[in-house]
Every structure is written in C-alpha cells, then in structure tokens.
Amino acid sequence: MSTIHENSKNDQLNHSKADHAHDPLTTNQGVRVSNTDDSLKAGTRGPTLMEDFHFREKLTHFDHERIPERVVHARGFGAHGYFQAYAPMTEFTKAQFLQDPSVKTPVFVRFSTVVGSRGSADTVRDVRGFATKFYTEEGNYDLVANNIPIFFIQDAIKFPDVVHAIKPEPHNEIPQASAAHDTFWDFVVNTPETAHMIMWLLSDRAIPRSFRMMEGFGVNTFRFINAEGKAHFVKFHWKPLLGVHSLVWDEAQKLAGKDPDFHRRDLWDAISNGEHPEYELGVQLLAEEDEFKFDFDILDPTKFWPEELVPVKKIGKMTLNRNVDNFFAETEQVAFHPGHVVPGIDFSNDPLLQGRLFSYLDTQLIRLGGPNFHEIPINHPVAPVHNNQRDGYHRMTIDKGVTSYSPNSLQNNMPNPAPESVGYVHYAEKVEGQKVRTRSDSFKDFFRQATLFWNSMSPPEKQHIIEAFHFEVGSVMSKDIKQKVVDLFNHVDGQLASQIAAGIGAVPPTNPGGTGVTTSSPAVSQENTIKLPQTRKVAILAESGFNFPEITQVMDSLTGAGIHFEIISKNLGMITSVDGRQIEVNKTYLTTASIKYDAVYVTGGRQNVDILLGQGDSVHFINEAFKHAKAIGATNEGVDLLAASSIQGVALADPSTTAQLSSALGVVTIRNASDMNFFAQELIKGIAQHRHWGRQSQKGMIPA
Ligand code: HDD
C-alpha cells in the first residue's frame with residue numbers, strides 16, 4: 001500500500017496563480033491586456049463602448065463573485081494539517097488511515113459558528129462547528145463535528161424548525177447571530193427535548209477562548225467495522241492539547257465589536273507563528289451486545305456517553321500546520337458530509353444522523369452550483385476517482401472513451417467494481433419494523449442528563465449558566481415564554497429554575513422539581529481541563545520612563561514560557577527608558593483592549609507610572625482584566641496603578657517591603673526587587689490557570 005504524504009495533497013491544492021506572478025495581465029481567454037484602469041470610450045469624455053470585451057468580462061465576473069452562504073455554519077475558518085494514528089486499530093476498524101502510525105493523512109479543518117451570517121462576529125454565544133476532511137488513500141472521510149457532544153433535537157425532520165426559530169426573526173431580520181429572542185425560546189419551551197442542549201449552549205462551552213482550545217464531538221453514534229465484519233458502536237472526540245477554555249460573556253460581547261475576527265485571527269496567527277494546534281482523536285467504543293446497557297438510548301443524539309461509563313480511547317493526533325492560500329477557494333468551497341465514509345466506518349440508526357445523510361449533499365448541489373463540486377481542489381480526494389458519472393455544470397474532467405454505462409463490453413466493463421475485500425460494504429444490520437411516524441419510548445427522557453450536566457458544573461460554571469439564562473431569556477419580550485422557561489427547567493433542577501426566575505422577573509416554581517439524578521460527570525467540567533501557559537498573550541502597559549532591565553527580564557521570562565506579549569502605550573512609535581534605551585510600542589488604547597489578552601503586566605519606573613496613573617484608559621484596562629478574572633502582574637512603582645484601580649480583596653506588595661512577592665487570586669506584585677524572574681514565574685503560573693474565579697464575588701463591584 002502506498003504511503004500518502006501530506007505534501008501530495010498540498011501540491012495538488014497548490015495550482016496557485018503565485019507561480020505566474022510575473023506574467024502580464026490577461027483576459028480569461030489569455031489575451032494580454034494593456035490597460036485595466038480606463039474603459040474604452042468614444043472620446044475621453046464620451047460614452048463607454050460595448051465592444052470593450054475586457055471591461056465587460058471584468059465586470060461580469062465581479063457581478064457573479066458571490067455564491068449563497070451556507071444555510072447554517074455560514075461563518076467559518078479553515079486550516080490544513082495532517083493526522084497520524086497512534087497504533088493499529090485493526091481490532092475495531094479496517095479503516096486504513098487508522099492502522100499505520102507512520103502514515104500522515106492530510107486533513108482540512110473548518111471551524112464555524114452555526115447561526116450568524118458570513119460577516120457576523122466570531123465570539124457570539126453559539127455552538128461551534130469542527131468539521132474535518134481526511135484525504136485518505138481509500139477516499140475522503142469527513143468527521144463533521146461540533147464542540148458540544150449533543151444536539152437540540154432527536155429527529156432530523158425538526159432541523160428546519162430549530163434553525164428557523166434561532167435565526168433572526170423573519171419580519172425584521174433581528175437579532176443577528178443570537179438565540180436571545182422570542183422565536184427561539186418559544187421553540188424551546190414547546191420542545192422539551194432541547195432542554196439538555198440548552199444547558200450546554202448557555203454554558204461556557206458556547207463562548208470558546210480559541211478554536212485551539214475547543215473539544216470536538218461527532219455527536220451522532222457511528223459504527224466501526226473490522227475486517228471480520230464485527231461492529232462496535234463509536235462516538236468520536238477531538239481533545240485539544242492546550243485544554244478547553246472559554247471567554248467570559250462580557251468579554252465575548254465586547255470582542256464582537258472590537259475584534260469580530262478574534263477567533264480566526266487567533267488561529268491564523270498561531271499557525272503563522274509555528275504554534276501548530278494539536279488535537280487528539282478519541283473514540284468511545286461500545287460492543288453491539290452492550291447497546292441496551294445504559295439508562296439512555298445510545299441512538300438518541302440528545303445524550304452523551306459519560307466518559308466515566310465509557311472511557312475515551314485516544315487513537316491518534318491531528319496537527320494543523322498550514323493556513324489557506326485563498327479563503328474562497330478553500331474555506332468557502334469546501335464541502336463536508338457525514339456520509340463521506342471509508343470502509344471500516346459505518347452509520348447507526350440515530351434518526352438525526354439518518355437525516356443528515358440526506359441534507360449535506362442536497363444543500364451543496366445548490367451552494368456550489370451543480371453536481372461536480374467534488375472536482376474543486378479542496379474537495380478532491382487524493383484517491384483516484386473512476387466512475388460513469390458524466391457532464392453537468394462546471395465539469396473539469398475530460399472523460400475519454402465511448403462507454404459511460406455498466407455493464408459494457410466495449411471497454412471490458414471498466415471501471416469494474418472493486419472486490420469486497422477493499423470496496424465499501426455496508427454493515428449487514430438486520431432491520432425489520434412497521435412504517436411508523438413515532439418516537440421510541442427510550443427517547444422520552446429529556447431531563448436526566450441535563451441534571452447530570454448541571455451537577456457536573458463547578459460553582460463558577462453554574463453561575464455563568466444562570467447569568468446566561470438571565471441574558472438570553474431576559475431579552476425575550478413574551479412574559480408567557482419567560483415563565484414557561486422557568487417551568488421547563490424546573491424539570492431539570494428546582495434550584496436552577498428559582499435562580500433563573502429571579503433574574504427574569506418570572507415566578508419561581510411553587511414545587512421545586514428535578515429528576516432525582518445526583519451523580520455527576522467530572523469530564524464535562526472545564527475546570528478539570530489541561531492548564532498551560534503556552535501561546536497565551538500578555539498586555540504590557542508602559543510609557544516613557546520605565547526601567548529597561550526590569551521590563552526586559554519579564555519579557556524574556558514570558559518568551560521562555562512560550563507566552564506572547566505586546567507593549568501598549570498612549571501613542572505608537574518608541575518609548576524611552578530612564579537610561580535612554582528604546583522599545584517599540586505595538587498597540588495603543590485605541591487599537592487594542594484588555595479583552596484581547598489573557599493577562600496584563602504593569603512595569604515600574606516613576607515617570608512611566610505617573611503617566612499611566614493619569615490615563616483613565618490604563619486604569620480601565622486593569623479593572624476590566626480583573627473583572628474578567630485574568631492574571632495581573634505589576635512590579636515596583638507599577639503596583640501603584642493596581643492600587644489606584646478598583647481591584648478589591650487582594651493584598652498588593654507593600655512599598656516598604658523589599659522583594660517580597662504578594663500573590664493572591666492571580667494578582668502578582670513585587671516591590672523593590674531587582675531580579676524579576678521570581679515574580680515572572682509566579683505570574684506565568686497565574687496565566688496558566690486561565691482564569692481566577694475566586695474573584696467572582698467582587699465582579700459586580702468593578703466598574704468596567
Ligand atoms: Fe449540520 C453544516 C455539524 C446536524 C444540516 N453541520 C454543518 C457543519 C458542521 C455541522 C460542522 C459545517 C460544515 C462546514 O464547515 O462546511 N450538523 C453538525 C452536527 C450535527 C448537525 C455535529 C448534529 C449531530 N446538520 C445537522 C442536521 C442537519 C444538518 C440534523 C439536517 C438535517 N449542516 C446541515 C447543512 C449544512 C450543515 C444544512 C450547512 C452547509 C452544509 O451543510 O454544507 O446541510
């Protein structure tokens with residue numbers, strides 16, 4: 001079996017115009033053009049002439065530059081990379097790309113939001129798509145995943161309903177990219193199967209810090225089939241090596257205005273910097289005979305398989321190492337489909353999955369203008385394609401020969417079907433039943449896993465969910481719908497329902513309810529994730545009059561820990577230290593904000609800090625970072641800025657003490673110290689923590 005190198009796909013995708021950068025400008029017919037700035041006119045002040053074929057071609061092409069955006073997942077961002085298996089998976093699946101750890105299978109990943117239009121903001125509260133195309137030697141395999149392991153509905157026939165309800169309302173197209181409106185919550189209160197997904201949607205999962213810090217889940221139950229034809233049910237997981245981290249809501253909302261491209265910029269920059277995002281592929285495997293072992297139905301897409309019941313086996317790793325050359329050609333034209341499977345991967349009867357198998361190709365036929373979009377380079381498999389499909393809009397292949405049917409004798413029936421040992425053979429599941437339009441009784445428990453999820457949240461995560469209810473349902477106009485939300489979530493947890501009611505002007509439940517589920521699933525809490533300082537970003541506030549050795553020692557320590565930083569000052573240009581050395585400013589208070597960083601550091605120097613103290617923007621920067629629970633550090637006179645801010649409840653280094661570190665709730669300060677490394681290491685520990693939720697109680701007091 002030949003080995004596919006990631007480069008072969010790259011070469012195939014790289015028929016870029018860059019190779020011909022020095023060739024002259026031509027029309028699409030290859031005719032060289034001598035002037036593209038003036039149209040052909042009858043006299044310099046006369047009318048434009050119809051015979052100006054260059055003008056007509058240029059404008060016509062421009063007029064047709066747009067294609068319909070995806071009906072959902074319109075806003076996305078993609079990157080190339082490769083996947084490598086850890087060990088042969090022969091026992092469970094015959095899929096070739098999961099056998100040989102030395103094979104690098106090329107991949108293309110597209111991350112997306114679901115609800116917003118192509119031009120909407122990255123940081124809205126929403127599910128994120130996480131779709132991966134594996135260009136395997138047996139054909140393309142698409143793992144079309146989300147960052148939440150379950151879904152809103154149980155049957156695909158309700159997909160148009162849930163999407164219509166959550167999209168902007170039809171009469172005025174408001175609100176954009178948001179679930180905080182009447183039609184969505186009207187759908188929710190009338191569709192109790194959504195309750196579990198709503199818990200996840202209102203959790204921190206729906207406002208990720210980065211695509212690099214997000215899990216992926218195949219959601220639906222699939223099957224692995226081995227060479228002997230034995231099947232296992234399987235759920236797919238992506239686990240980011242940087243851990244799973246989120247923004248806070250206030251930050252997410254502000255970012256939507258100040259940097260609507262926050263997530264795509266973060267991914268682009270990381271890949272450009274050589275900090276290649278990595279995700280482990282995990283599988284939960286269940287023997288066919290264990291199908292009915294749980295108190296939920298494994299075909300129900302509103303349920304996850306708790307990792308404590310079915311452990312996730314890590315089977316390989318994906319690395320994203322190359323940005324796209326052209327957004328439209330690659331990210332916009334890529335077409336994923338959960339039905340793109342390779343031998344060894346098969347479907348289950350999950351009714352949501354069954355419906356998805358119809359919908360993706362159907363939508364792509366119109367979005368990509370006909371049946372030949374598999375020929376677009378980003379969609380084209382590296383495996384050879386031979387069949388009798390012909391013609392249609394935009395056909396690229398020049399098929400040779402006279403036969404385009406089977407059987408034929410004129411060309412020995414070529415292309416011949418492959419032998420069963422290598423061809424795709426569907427799993428021979430025995431299926432019998434009456435044709436009915438009803439749901440299985442085993443799908444009718446809507447609340448128990450919602451309670452399990454709620455029980456699994458840490459106190460700050462619970463608080464965030466309640467605040468999200470207050471925002472989302474608080475934005476609903478109908479009092480009736482608001483009350484019904486309280487009543488619906490009283491089925492999940494009585495205390496939760498009371499807390500929702502308190503913030504939205506509704507009546508708390510008279511009989512606090514719940515499901516009686518008292519267990520939890522620690523794996524779903526982000527508090528139990530990996531915490532690392534690498535690739536985090538620090539804002540350094542400085543003006544002229546800083547101490548050069550002090551700031552550079554901190555900068556060196558941050559760099560040593562794989563942390564990035566930017567110098568923020570009132571003006572762009574250079575700032576000068578007390579001993580006359582200069583540092584270049586990266587951003588001003590106008591071109592950036594605290595919400596774009598993971599932490600902030602205020603450096604010392606009397607004159608520097610006196611300037612900072614006179615700037616409301618600098619004080620606001622500290623307040624906002626504190627409110628958003630980020631690590632904050634200050635050295636020497638820099639501590640004065642923290643003292644002048646609204647920071648509460650933490651002791652700051654005292655001016656009279658020498659080199660004594662003060663560190664509490666992620667606020668790290670030191671005075672009268674010459675060696676900054678001790679301080680920097682403590683700050684780095686604080687940055688690795690991601691957020692310091694111990695400040696949650698002070699949050700409401702901070703004016704930011
Ligand atoms: Fe879907 C796009 C993931 C349910 C119908 N879906 C789309 C994308 C992702 C998902 C990641 C974006 C692909 C890209 O980047 O181009 N969808 C999911 C997951 C689901 C799910 C994990 C739950 C298990 N989807 C789902 C259902 C239906 C669809 C039930 C319809 C019956 N999804 C679509 C679609 C899209 C799509 C309308 C829009 C653009 C496209 O397919 O190509 O057909």
# chains A, B, ... in the order shown; residues from 1 in each chain; ligands from 1
>>> residues_near_ligand(ligand="ligand 1", cutoff="7 Å", atoms="only C-alpha atoms and all ligand atoms", output="number ranges by chain")
A: 70-73, 76, 110-112, 129-131, 144-146, 150-151, 156-157, 159, 217-220, 301, 334-337, 352-353, 355-356, 359-360, 363-364
>>> residues_around(residues="Ser544 in chain A", least_positions_apart="2", cutoff="8 Å", atoms="only C-alpha atoms", output="PDB file with all heavy atoms, in the first residue's frame")
ATOM      1  N   ALA A 542       3.012  50.308  29.330  1.00  0.00           N
ATOM      2  CA  ALA A 542       4.246  51.070  29.587  1.00  0.00           C
ATOM      3  C   ALA A 542       4.238  52.379  28.818  1.00  0.00           C
ATOM      4  O   ALA A 542       3.687  52.474  27.721  1.00  0.00           O
ATOM      5  CB  ALA A 542       5.462  50.231  29.199  1.00  0.00           C
ATOM      6  N   PHE A 546      10.238  54.030  31.936  1.00  0.00           N
ATOM      7  CA  PHE A 546      10.267  52.692  32.549  1.00  0.00           C
ATOM      8  C   PHE A 546      11.727  52.290  32.794  1.00  0.00           C
ATOM      9  O   PHE A 546      12.652  52.942  32.315  1.00  0.00           O
ATOM     10  CB  PHE A 546       9.565  51.673  31.632  1.00  0.00           C
ATOM     11  CG  PHE A 546      10.211  51.537  30.283  1.00  0.00           C
ATOM     12  CD1 PHE A 546      11.194  50.585  30.062  1.00  0.00           C
ATOM     13  CD2 PHE A 546       9.856  52.384  29.230  1.00  0.00           C
ATOM     14  CE1 PHE A 546      11.804  50.467  28.819  1.00  0.00           C
ATOM     15  CE2 PHE A 546      10.462  52.274  27.987  1.00  0.00           C
ATOM     16  CZ  PHE A 546      11.442  51.319  27.781  1.00  0.00           C
ATOM     17  N   ILE A 575       9.047  54.148  22.976  1.00  0.00           N
ATOM     18  CA  ILE A 575       9.082  54.721  24.328  1.00  0.00           C
ATOM     19  C   ILE A 575      10.510  54.552  24.857  1.00  0.00           C
ATOM     20  O   ILE A 575      11.215  53.622  24.460  1.00  0.00           O
ATOM     21  CB  ILE A 575       8.039  54.082  25.280  1.00  0.00           C
ATOM     22  CG1 ILE A 575       8.106  52.546  25.238  1.00  0.00           C
ATOM     23  CG2 ILE A 575       6.647  54.567  24.964  1.00  0.00           C
ATOM     24  CD1 ILE A 575       7.239  51.867  26.282  1.00  0.00           C
ATOM     25  N   THR A 576      10.897  55.483  25.739  1.00  0.00           N
ATOM     26  CA  THR A 576      12.296  55.549  26.161  1.00  0.00           C
ATOM     27  C   THR A 576      12.405  55.263  27.660  1.00  0.00           C
ATOM     28  O   THR A 576      11.637  55.809  28.462  1.00  0.00           O
ATOM     29  CB  THR A 576      12.860  56.959  25.874  1.00  0.00           C
ATOM     30  OG1 THR A 576      12.550  57.266  24.511  1.00  0.00           O
ATOM     31  CG2 THR A 576      14.363  57.032  26.079  1.00  0.00           C
ATOM     32  N   SER A 577      13.352  54.431  28.027  1.00  0.00           N
ATOM     33  CA  SER A 577      13.537  54.072  29.437  1.00  0.00           C
ATOM     34  C   SER A 577      14.295  55.180  30.172  1.00  0.00           C
ATOM     35  O   SER A 577      14.834  56.097  29.539  1.00  0.00           O
ATOM     36  CB  SER A 577      14.311  52.757  29.545  1.00  0.00           C
ATOM     37  OG  SER A 577      15.628  52.953  29.091  1.00  0.00           O
ATOM     38  N   VAL A 578      14.384  55.076  31.506  1.00  0.00           N
ATOM     39  CA  VAL A 578      15.103  56.095  32.287  1.00  0.00           C
ATOM     40  C   VAL A 578      16.559  56.211  31.846  1.00  0.00           C
ATOM     41  O   VAL A 578      17.142  57.291  31.883  1.00  0.00           O
ATOM     42  CB  VAL A 578      15.043  55.823  33.814  1.00  0.00           C
ATOM     43  CG1 VAL A 578      13.842  56.469  34.441  1.00  0.00           C
ATOM     44  CG2 VAL A 578      15.068  54.345  34.135  1.00  0.00           C
ATOM     45  N   GLN A 607       8.384  57.802  36.421  1.00  0.00           N
ATOM     46  CA  GLN A 607       7.777  58.670  35.401  1.00  0.00           C
ATOM     47  C   GLN A 607       6.750  57.894  34.571  1.00  0.00           C
ATOM     48  O   GLN A 607       5.655  58.382  34.278  1.00  0.00           O
ATOM     49  CB  GLN A 607       8.893  59.218  34.506  1.00  0.00           C
ATOM     50  CG  GLN A 607       8.418  60.242  33.493  1.00  0.00           C
ATOM     51  CD  GLN A 607       9.399  60.368  32.315  1.00  0.00           C
ATOM     52  OE1 GLN A 607      10.584  60.055  32.458  1.00  0.00           O
ATOM     53  NE2 GLN A 607       8.909  60.808  31.183  1.00  0.00           N
ATOM     54  N   ASN A 608       7.112  56.658  34.232  1.00  0.00           N
ATOM     55  CA  ASN A 608       6.193  55.789  33.485  1.00  0.00           C
ATOM     56  C   ASN A 608       4.874  55.646  34.233  1.00  0.00           C
ATOM     57  O   ASN A 608       3.792  55.861  33.672  1.00  0.00           O
ATOM     58  CB  ASN A 608       6.881  54.424  33.298  1.00  0.00           C
ATOM     59  CG  ASN A 608       5.914  53.283  33.022  1.00  0.00           C
ATOM     60  OD1 ASN A 608       5.047  53.393  32.166  1.00  0.00           O
ATOM     61  ND2 ASN A 608       6.062  52.183  33.751  1.00  0.00           N
TER      62      ASN A 608
END
>>> closest_atom_pairs(of="range 92-124 of chain A", to="range 280-290 of chain A", cutoff="12 Å", atoms="only C-alpha atoms", output="Markdown table")
| residue | atom | partner | partner_atom | distance |
| --- | --- | --- | --- | --- |
| A:Phe92 | CA | A:Leu285 | CA | 8.6 |
| A:Thr93 | CA | A:Leu285 | CA | 10.9 |
| A:Leu98 | CA | A:Leu281 | CA | 10.5 |
>>> closest_residue(among="A:Asn490, A:Ser521, A:Asn379, A:Ser406", to="Gln449 in chain A", atoms="only C-alpha atoms")
A:Ser521
>>> residues_around(residues="Thr221 in chain A", least_positions_apart="4", cutoff="10 Å", atoms="only C-alpha atoms", output="list in words")
Phe233, Val234, Lys235, Phe236, Gln284, Leu285, Ile298, Leu299, Asp300, Pro301, Phe304, Trp305, Asp346, Phe347, Ser348, Asn349, Asp350, Leu352 and Leu353 of chain A
>>> select_by_dssp(residues="range 11-259 of chain A", states="strand (DSSP E)", output="PyMOL selection string")
chain A and resi 76-85+105-113+128-136+139-146+216-217+222-225+231-240
>>> atom_distance(atom1="CA of Ala688 in chain A", atom2="CA of Thr113 in chain A")
26.7 Å
>>> select_by_dssp(residues="range 541-625 of chain A", states="alpha helix (DSSP H)", output="VMD selection string")
chain A and resid 548 to 560 606 to 613 616 to 625
>>> residues_around(residues="range 99-105 of chain A", least_positions_apart="4", cutoff="6 Å", atoms="only C-alpha atoms", output="JSON, numbers by chain")
{"A": [5, 82, 83, 84, 85, 86, 87, 88, 89, 136]}
>>> atom_distance(atom1="CA of Val476 in chain A", atom2="CA of Asp182 in chain A")
5.0 Å
>>> residues_around(residues="Glu550 in chain A", least_positions_apart="4", cutoff="8 Å", atoms="only C-alpha atoms", output="list in words")
Val554, Thr603, Gly604, Ser674, Asp675 and Met676 of chain A
>>> write_last_selection(atoms="C-alpha atoms", output="CSV table (one decimal), in the first residue's frame")
chain,number,residue,atom,x,y,z
A,554,VAL,CA,9.9,40.0,32.5
A,603,THR,CA,6.0,47.7,34.7
A,604,GLY,CA,7.7,50.1,37.1
A,674,SER,CA,16.0,43.8,41.1
A,675,ASP,CA,15.6,40.2,40.0
A,676,MET,CA,12.3,39.8,38.1
>>> closest_residue(among="A:Ala227, A:Val248, A:Leu368, A:Val517", to="Ala206 in chain A", atoms="only C-alpha atoms")
A:Val248
>>> closest_residue(among="A:Asp579, A:Glu275, A:Glu91, A:Glu432", to="Ile225 in chain A", atoms="only C-alpha atoms")
A:Glu91
